[in-house]
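Only one structure is covered here, and it is reproduced in the block below.
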Amino acid sequence: MNEIIMINIAGDDRPGVTSSITGILADHDVTVLDIGQAVIHDTLSLGLLVEMPAGSEAANILKDILFRCHEMGLQVRFLPVSDESYGVWVSGQGKQRHIVTLLARKISARHIARVTEIVSRYGLNIDRIDRLSGRVPLGGVEEKSKASVELSVRGYLEDATDFRRELLHLASEMDIDIAYQEDSMYRRTRRLVAFDMDSTLIEAEVIDELAHAAGVGEQVAAITEQAMRGELDFTESFAARLKLLKGLDESVLADIAEQLPITEGAERLVSTLKKLGYKTAILSGGFNYFGEYLQRRLGIDYVYANELEIVDGKVTGEVQGVVVDGQRKAELLREIARREGIDLEQVIAVGDGANDLPMLSIAGLGIAFRAKPIVRANAKQSISTLGLDGILYLLGISDRLTVAAQLKAANS
């Protein structure tokens with residue numbers, strides 16, 4: 001008759017602890033049913049669920065482990081596990097798995113307490129908690145600091161909509177971002193990221209910048225804001241704004257392009273995605289001239305935007321070809337995914353305006369970035385507190401991994 005024992009070991013971390021303990025188990029051909037290890041601030045927590053022979057042999061194995069832990073200055077606890085308890089645990093392994101990610105400039109105990117209360121209330125069990133962001137410096141939080149914690153949870157959700165709605169309400173109340181995703185294979189196999197350009201990859205609306213140069217800034221800005229809020233049809237508002245630019249000198253475009261403010265985290269995000277083999281695209285209701293400028297600067301693979309018509313060095317107030325509106329963005333996203341042989345579930349779309357909703361809705365992961373309320377309410381995920389590189393946390397990519405990748409690239 002075998003018995004199941006839970007072994008918990010804690011103490012100062014050092015090389016060789018796991019090797020030493022599992023070596024004792026190996027000498028007695030003990031079966032390891034489950035194992036987990038974490039290190040927090042150089043403090044080790046190691047757990048092993050093992051099946052071992054009952055009686056005196058088991059007592060000798062546990063005595064050897066106890067003696068070895070004493071030698072290493074570690075605490076150890078043994079807990080017998082009944083067959084019934086083990087059966088319940090095994091049955092739970094088939095339950096749905098979910099990922100809840102917290103993003104903020106600084107994460108407090110209050111944030112974690114409120115999120116985990118919701119998780120518990122919905123009958124979900126937390127299997128693992130990981131800090132994805134870098135180590136927190138003492139002496140205050142810097143303006144561009146990043147903090148992210150990921151919870152891996154397990155359990156059945158009869159209606160994920162209610163769960164997501166509560167998390168979004170809490171995020172708004174506490175001024176943080178909280179993302180909920182199913183922990184499916186697609187989360188680890190994303191292959192294409194499509195970005196809106198204006199107010200997403202850049203912290204500006206190019207048409208507004210052109211309008212300021214043409215002396216019609218206030219008129220165009222008012223129309224732009226209404227369109228982004230979904231209060232005006234994009235194509236009609238776009239045509240109205242373009243007509244106000246008629247006669248603008250072509251030379252202005254280069255000056256504006258060189259001064260475009262790149263969004264916080266954009267360069268880090270795109271360079272990391274490239275190292276990981278992702279394809280990237282700009283799908284914009286703006287203009288090709290500026291999209292291609294960003295393509296060269298950031299290393300973007302695809303650019304689709306509107307072709308601003310210029311005759312005799314002057315803007316005509318018209319565009320050439322089909323206007324890239326919301327529906328066209330969704331069509332282009334499908335086209336790129338098909339060309340690259342990528343399932344739409346493997347696609348990430350990022351945007352801020354109402355005309356981005358069609359592509360956000362068909363992507364496996366649609367992210368409203370610093371978006372208007374109507375967009376946040378309808379997108380699968382939302383990031384408002386961090387820069388674009390916060391998207392890496394939604395993919396489960398920690399700062400440790402990105403730093404390691406950068407060091408490897410620098411030394412290669």
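Please note that chains go A, B, ... in the order of the structure tokens, that every chain numbers its residues from 1, and that ligands are numbered from 1 in the order shown.
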
At a cut-off of 12 Å, using only C-alpha atoms, what residues contact A:Met359? Leave out same-chain residues fewer than 2 positions from it and give the result as a ChimeraX atom specification. /A:193-196,282-284,324-335,337,344,347-357,361-368,375,378-380

Skip stretch 72-77 of chain A itself and residues of its chain fewer than 6 positions away, then list as a PyMOL selection string all residues within 6 Å of it, counting only C-alpha atoms. chain A and resi 7-11

Counting only C-alpha atoms, what is within 10 Å of A:Thr272, bar same-chain residues fewer than 2 positions away, as a PyMOL selection string? chain A and resi 266-270+274-278+389+392+397+401-403+405-406

Enumerate the residues of stretch 32-208 of chain A with a DSSP assignment of strand (DSSP E), computed from the backbone, and present them as a PDB file with C-alpha atoms, in the first residue's frame.
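In the end it all went to result.pdb:
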ATOM      1  CA  VAL A  32       6.684  12.757  -8.015  1.00  0.00           C
ATOM      2  CA  LEU A  33       3.027  13.541  -8.686  1.00  0.00           C
ATOM      3  CA  ASP A  34       3.385  17.326  -8.692  1.00  0.00           C
ATOM      4  CA  ILE A  35       6.126  19.863  -8.070  1.00  0.00           C
ATOM      5  CA  GLY A  36       6.290  23.643  -7.794  1.00  0.00           C
ATOM      6  CA  GLN A  37       8.978  26.095  -6.786  1.00  0.00           C
ATOM      7  CA  ALA A  38       9.147  29.864  -6.356  1.00  0.00           C
ATOM      8  CA  VAL A  39      11.754  32.301  -5.061  1.00  0.00           C
ATOM      9  CA  ILE A  40      10.670  35.636  -3.602  1.00  0.00           C
ATOM     10  CA  THR A  43      13.477  33.064  -0.060  1.00  0.00           C
ATOM     11  CA  LEU A  44      12.703  29.616  -1.468  1.00  0.00           C
ATOM     12  CA  SER A  45       9.352  27.844  -1.383  1.00  0.00           C
ATOM     13  CA  LEU A  46       9.468  24.292  -2.773  1.00  0.00           C
ATOM     14  CA  GLY A  47       6.537  21.888  -2.820  1.00  0.00           C
ATOM     15  CA  LEU A  48       6.504  18.232  -3.879  1.00  0.00           C
ATOM     16  CA  LEU A  49       3.525  15.904  -3.954  1.00  0.00           C
ATOM     17  CA  VAL A  50       4.940  12.366  -3.890  1.00  0.00           C
ATOM     18  CA  GLU A  51       3.772   8.789  -3.787  1.00  0.00           C
ATOM     19  CA  MET A  52       5.940   6.532  -1.646  1.00  0.00           C
ATOM     20  CA  PRO A  53       5.801   3.127   0.030  1.00  0.00           C
ATOM     21  CA  GLN A  75      12.247  24.309   7.255  1.00  0.00           C
ATOM     22  CA  VAL A  76      10.280  21.272   6.108  1.00  0.00           C
ATOM     23  CA  ARG A  77       6.714  20.126   6.668  1.00  0.00           C
ATOM     24  CA  PHE A  78       5.118  16.784   5.739  1.00  0.00           C
ATOM     25  CA  LEU A  79       1.378  16.480   5.160  1.00  0.00           C
ATOM     26  CA  PRO A  80      -0.348  13.163   4.411  1.00  0.00           C
ATOM     27  CA  VAL A  81      -2.873  13.383   1.542  1.00  0.00           C
ATOM     28  CA  ARG A  97      -7.928  27.972 -16.886  1.00  0.00           C
ATOM     29  CA  HIS A  98      -7.875  31.746 -16.992  1.00  0.00           C
ATOM     30  CA  ILE A  99      -5.301  34.531 -16.828  1.00  0.00           C
ATOM     31  CA  VAL A 100      -5.953  37.767 -14.933  1.00  0.00           C
ATOM     32  CA  THR A 101      -3.291  40.448 -15.414  1.00  0.00           C
ATOM     33  CA  LEU A 102      -2.945  43.626 -13.345  1.00  0.00           C
ATOM     34  CA  LEU A 103      -1.159  46.595 -14.940  1.00  0.00           C
ATOM     35  CA  ALA A 104      -0.376  49.927 -13.291  1.00  0.00           C
ATOM     36  CA  ASN A 125      -8.861  29.019  -7.468  1.00  0.00           C
ATOM     37  CA  ILE A 126      -5.509  30.799  -7.866  1.00  0.00           C
ATOM     38  CA  ASP A 127      -2.835  28.310  -8.943  1.00  0.00           C
ATOM     39  CA  ARG A 128       0.024  30.725  -9.458  1.00  0.00           C
ATOM     40  CA  ILE A 129       0.940  34.410  -9.110  1.00  0.00           C
ATOM     41  CA  ASP A 130       3.881  35.880 -11.049  1.00  0.00           C
ATOM     42  CA  ARG A 131       5.402  39.343 -11.116  1.00  0.00           C
ATOM     43  CA  ALA A 147       4.120  47.197 -12.642  1.00  0.00           C
ATOM     44  CA  SER A 148       2.366  43.990 -13.624  1.00  0.00           C
ATOM     45  CA  VAL A 149       1.237  40.890 -11.771  1.00  0.00           C
ATOM     46  CA  GLU A 150      -0.275  37.843 -13.474  1.00  0.00           C
ATOM     47  CA  LEU A 151      -2.702  35.438 -11.790  1.00  0.00           C
ATOM     48  CA  SER A 152      -3.215  31.971 -13.231  1.00  0.00           C
ATOM     49  CA  VAL A 153      -6.624  30.798 -12.009  1.00  0.00           C
ATOM     50  CA  ARG A 154      -8.710  27.674 -12.459  1.00  0.00           C
ATOM     51  CA  ASP A 177      -5.820  48.069 -15.918  1.00  0.00           C
ATOM     52  CA  ILE A 178      -7.099  44.536 -15.380  1.00  0.00           C
ATOM     53  CA  ALA A 179      -7.090  42.087 -18.275  1.00  0.00           C
ATOM     54  CA  TYR A 180      -8.926  38.764 -18.358  1.00  0.00           C
ATOM     55  CA  GLN A 181      -8.149  36.036 -20.904  1.00  0.00           C
ATOM     56  CA  GLU A 182      -8.840  32.365 -21.292  1.00  0.00           C
ATOM     57  CA  LEU A 192       0.705  39.171 -35.937  1.00  0.00           C
ATOM     58  CA  VAL A 193       0.123  42.556 -34.302  1.00  0.00           C
ATOM     59  CA  ALA A 194      -1.758  45.280 -36.188  1.00  0.00           C
ATOM     60  CA  PHE A 195      -1.643  48.863 -34.907  1.00  0.00           C
TER      61      PHE A 195
END

Apply DSSP to the structure's backbone, then extract all residues of stretch 43-99 of chain A labelled helix (DSSP H, G or I) and return them as a PyMOL selection string. chain A and resi 56-71+83-92

Which one of A:Leu132, A:Arg297, A:Ile374, A:Ser172 sits closest to A:Gln226 if you count only C-alpha atoms? A:Ile374

List the neighbours of stretch 158-164 of chain A out to 8 Å using only C-alpha atoms; skip same-chain residues closer than 3 positions along the sequence, and give me the result as a PyMOL selection string. chain A and resi 118+122+167-168+180

Would you put the residues from that selection into a file with C-alpha atoms, as a PDB file, in the first residue's frame?
ATOM      1  CA  ILE A 118     -13.621  38.917  -7.173  1.00  0.00           C
ATOM      2  CA  TYR A 122     -16.661  33.523  -8.699  1.00  0.00           C
ATOM      3  CA  LEU A 167     -13.002  43.476 -13.337  1.00  0.00           C
ATOM      4  CA  LEU A 168     -13.458  46.385 -15.759  1.00  0.00           C
ATOM      5  CA  TYR A 180      -8.926  38.764 -18.358  1.00  0.00           C
TER       6      TYR A 180
END

Selection near stretch 220-222 of chain A, 10 Å with only C-alpha atoms, sequence-local residues under 2 positions removed, as an MDAnalysis selection string: chainID A and resid 205 207:212 215:218 224:227 237:238 240:245

Using C-alpha atoms, can you export the residues from the last selection as a PDB file, in the first residue's frame?
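Wrote it out as out-v1.pdb, contents follow:
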ATOM      1  CA  GLU A 205      -3.511  62.916 -34.770  1.00  0.00           C
ATOM      2  CA  ILE A 207      -4.601  65.289 -39.659  1.00  0.00           C
ATOM      3  CA  ASP A 208      -4.792  67.713 -36.722  1.00  0.00           C
ATOM      4  CA  GLU A 209      -1.105  68.556 -37.153  1.00  0.00           C
ATOM      5  CA  LEU A 210      -1.657  69.184 -40.855  1.00  0.00           C
ATOM      6  CA  ALA A 211      -4.657  71.336 -40.010  1.00  0.00           C
ATOM      7  CA  HIS A 212      -2.623  73.491 -37.599  1.00  0.00           C
ATOM      8  CA  GLY A 215      -4.491  77.372 -40.146  1.00  0.00           C
ATOM      9  CA  VAL A 216      -7.683  75.328 -39.712  1.00  0.00           C
ATOM     10  CA  GLY A 217      -6.702  73.446 -36.554  1.00  0.00           C
ATOM     11  CA  GLU A 218      -9.750  74.096 -34.414  1.00  0.00           C
ATOM     12  CA  THR A 224     -11.776  64.453 -35.422  1.00  0.00           C
ATOM     13  CA  GLU A 225     -12.922  64.203 -31.822  1.00  0.00           C
ATOM     14  CA  GLN A 226     -16.531  63.580 -32.821  1.00  0.00           C
ATOM     15  CA  ALA A 227     -15.465  60.857 -35.271  1.00  0.00           C
ATOM     16  CA  SER A 237     -15.979  63.235 -41.378  1.00  0.00           C
ATOM     17  CA  PHE A 238     -12.709  62.294 -43.060  1.00  0.00           C
ATOM     18  CA  ALA A 240     -14.912  67.058 -44.470  1.00  0.00           C
ATOM     19  CA  ARG A 241     -11.553  67.391 -42.729  1.00  0.00           C
ATOM     20  CA  LEU A 242      -9.590  66.756 -45.914  1.00  0.00           C
ATOM     21  CA  LYS A 243     -11.323  69.540 -47.797  1.00  0.00           C
ATOM     22  CA  LEU A 244     -10.136  71.987 -45.132  1.00  0.00           C
ATOM     23  CA  LEU A 245      -6.515  71.038 -45.992  1.00  0.00           C
TER      24      LEU A 245
END

A:Leu395: which residues within 9 Å, counting only C-alpha atoms, same-chain residues fewer than 3 positions away excluded, as an MDAnalysis selection string? chainID A and resid 187:188 190 391:392 398

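Put simply, atom CA of A:Ser56 is 23.3 Å away from atom CA of A:Ser85.
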
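Excluding A:Glu292 itself and same-chain residues fewer than 3 positions from it, the residues having an atom within 10 Å of it are Ala257, Ile282, Phe287, Asn288, Tyr289, Gln295, Arg296, Arg297, Leu298, Gly299, Ile300, Tyr302, Val303, Tyr304 and Ala305 of chain A, counting only C-alpha atoms.
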
Atoms to include: N, CA, C and O atoms. Write the selected residues as an mmCIF file, in the first residue's frame.
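After the write, result_1.cif holds the following:
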data_model
loop_
_atom_site.group_PDB
_atom_site.id
_atom_site.type_symbol
_atom_site.label_atom_id
_atom_site.label_comp_id
_atom_site.auth_asym_id
_atom_site.auth_seq_id
_atom_site.Cartn_x
_atom_site.Cartn_y
_atom_site.Cartn_z
ATOM 1 N N ALA A 257 6.421 64.864 -39.980
ATOM 2 C CA ALA A 257 6.846 63.474 -39.773
ATOM 3 C C ALA A 257 8.024 63.390 -38.809
ATOM 4 O O ALA A 257 8.062 62.533 -37.923
ATOM 5 N N ILE A 282 0.708 48.408 -39.704
ATOM 6 C CA ILE A 282 -0.017 49.641 -39.413
ATOM 7 C C ILE A 282 -1.240 49.662 -40.312
ATOM 8 O O ILE A 282 -1.121 49.583 -41.538
ATOM 9 N N PHE A 287 -2.517 58.733 -43.074
ATOM 10 C CA PHE A 287 -1.924 58.855 -44.394
ATOM 11 C C PHE A 287 -0.661 58.004 -44.548
ATOM 12 O O PHE A 287 0.150 57.882 -43.632
ATOM 13 N N ASN A 288 -0.498 57.449 -45.755
ATOM 14 C CA ASN A 288 0.634 56.574 -46.073
ATOM 15 C C ASN A 288 1.976 57.249 -45.814
ATOM 16 O O ASN A 288 2.928 56.597 -45.384
ATOM 17 N N TYR A 289 2.073 58.530 -46.123
ATOM 18 C CA TYR A 289 3.357 59.233 -45.986
ATOM 19 C C TYR A 289 3.908 59.047 -44.574
ATOM 20 O O TYR A 289 5.091 58.750 -44.392
ATOM 21 N N GLN A 295 7.171 53.086 -40.493
ATOM 22 C CA GLN A 295 7.616 51.765 -40.920
ATOM 23 C C GLN A 295 9.139 51.707 -40.972
ATOM 24 O O GLN A 295 9.757 50.757 -40.479
ATOM 25 N N ARG A 296 9.755 52.734 -41.544
ATOM 26 C CA ARG A 296 11.217 52.772 -41.619
ATOM 27 C C ARG A 296 11.835 52.931 -40.241
ATOM 28 O O ARG A 296 12.859 52.301 -39.924
ATOM 29 N N ARG A 297 11.237 53.741 -39.415
ATOM 30 C CA ARG A 297 11.817 54.021 -38.099
ATOM 31 C C ARG A 297 11.687 52.834 -37.140
ATOM 32 O O ARG A 297 12.622 52.545 -36.380
ATOM 33 N N LEU A 298 10.539 52.154 -37.163
ATOM 34 C CA LEU A 298 10.284 51.083 -36.200
ATOM 35 C C LEU A 298 10.518 49.690 -36.759
ATOM 36 O O LEU A 298 10.630 48.728 -35.991
ATOM 37 N N GLY A 299 10.573 49.564 -38.079
ATOM 38 C CA GLY A 299 10.741 48.235 -38.665
ATOM 39 C C GLY A 299 9.436 47.470 -38.796
ATOM 40 O O GLY A 299 9.379 46.263 -38.572
ATOM 41 N N ILE A 300 8.362 48.169 -39.175
ATOM 42 C CA ILE A 300 7.046 47.555 -39.350
ATOM 43 C C ILE A 300 7.000 46.817 -40.693
ATOM 44 O O ILE A 300 7.566 47.266 -41.689
ATOM 45 N N TYR A 302 4.062 45.764 -42.557
ATOM 46 C CA TYR A 302 3.015 46.180 -43.490
ATOM 47 C C TYR A 302 2.486 47.557 -43.102
ATOM 48 O O TYR A 302 2.370 47.862 -41.912
ATOM 49 N N VAL A 303 2.167 48.350 -44.125
ATOM 50 C CA VAL A 303 1.504 49.641 -43.888
ATOM 51 C C VAL A 303 0.369 49.807 -44.881
ATOM 52 O O VAL A 303 0.553 49.677 -46.096
ATOM 53 N N TYR A 304 -0.823 50.066 -44.354
ATOM 54 C CA TYR A 304 -1.985 50.401 -45.182
ATOM 55 C C TYR A 304 -2.633 51.645 -44.585
ATOM 56 O O TYR A 304 -3.047 51.646 -43.422
ATOM 57 N N ALA A 305 -2.704 52.694 -45.386
ATOM 58 C CA ALA A 305 -3.323 53.941 -44.950
ATOM 59 C C ALA A 305 -3.833 54.657 -46.203
ATOM 60 O O ALA A 305 -3.815 54.101 -47.305
#
